[in-house]
Amino acid sequence: MKIGDLVVYNRKKTPASVPPSDFERLGIVVTVSVHKIPPLHDGSLQGRLPMALVQWNGIAGTLKHRQDMLEVISENR
């Protein structure tokens, strides 16, 4: 996933808390980043989580999502 990609919610992975009307929205990726997950109490590392900041149609402002919750429908060239 990269800046400029057109995305929708991934219907298979999006939680039930997302309203059904949001599945009709299109979004454009504004920024991509990696969220570092803090170590567990025993010190073992958990890894990193790819994130995307998305501007959705019909929503003021941007929202941050895990990249696996999104599906790219048109890639920026």
# chains A, B, ... in the order shown; residues from 1 in each chain; ligands from 1
$ select_by_dssp --residues "chain A" --states "strand (DSSP E or B)" --output "PyMOL selection string"
chain A and resi 6-9+27-36+48-56+62-66+70-74
$ write_last_selection --atoms "C-alpha atoms" --output "tab-separated table (two decimals), in the first residue's frame"
chain	number	residue	atom	x	y	z
A	6	LEU	CA	-7.70	4.14	-3.70
A	7	VAL	CA	-9.04	1.87	-0.94
A	8	VAL	CA	-12.21	0.40	0.55
A	9	TYR	CA	-12.76	-1.52	3.79
A	27	GLY	CA	-10.80	6.46	0.45
A	28	ILE	CA	-7.44	7.68	-0.69
A	29	VAL	CA	-4.27	6.83	1.22
A	30	VAL	CA	-2.64	10.03	2.48
A	31	THR	CA	0.24	8.56	4.52
A	32	VAL	CA	1.62	5.12	5.29
A	33	SER	CA	3.51	4.30	8.47
A	34	VAL	CA	4.50	1.47	10.78
A	35	HIS	CA	3.22	1.33	14.34
A	36	LYS	CA	5.70	-0.28	16.68
A	48	ARG	CA	5.28	-3.87	13.81
A	49	LEU	CA	1.87	-3.04	12.40
A	50	PRO	CA	1.56	-1.35	8.97
A	51	MET	CA	-0.85	1.60	9.14
A	52	ALA	CA	-2.46	3.94	6.61
A	53	LEU	CA	-3.95	7.40	7.08
A	54	VAL	CA	-7.01	7.58	4.80
A	55	GLN	CA	-9.22	10.44	3.61
A	56	TRP	CA	-12.69	8.93	3.09
A	62	THR	CA	-8.54	11.64	8.00
A	63	LEU	CA	-8.69	8.33	9.86
A	64	LYS	CA	-5.86	5.91	10.67
A	65	HIS	CA	-6.39	2.21	9.92
A	66	ARG	CA	-4.38	-1.00	9.97
A	70	LEU	CA	-8.22	-2.08	3.87
A	71	GLU	CA	-8.35	-3.35	0.31
A	72	VAL	CA	-6.60	-1.52	-2.53
A	73	ILE	CA	-8.92	-1.18	-5.52
A	74	SER	CA	-6.74	1.12	-7.63
$ residues_around --residues "Phe23 of chain A" --least-positions-apart "2" --cutoff "9 Å" --atoms "only C-alpha atoms" --output "ChimeraX atom specification"
/A:8-11,18-21,25-26
$ closest_residue --among "A:Asn76, A:Gln46, A:Ser17, A:Gln67" --to "Ile3 of chain A" --atoms "only C-alpha atoms"
A:Asn76
$ select_by_dssp --residues "chain A" --states "helix (DSSP H, G or I)" --output "JSON, numbers by chain"
{"A": [20, 21, 22, 23, 24, 67, 68, 69]}
$ atom_distance --atom1 "atom CA of Ala16 of chain A" --atom2 "atom CA of Ile37 of chain A"
23.5 Å
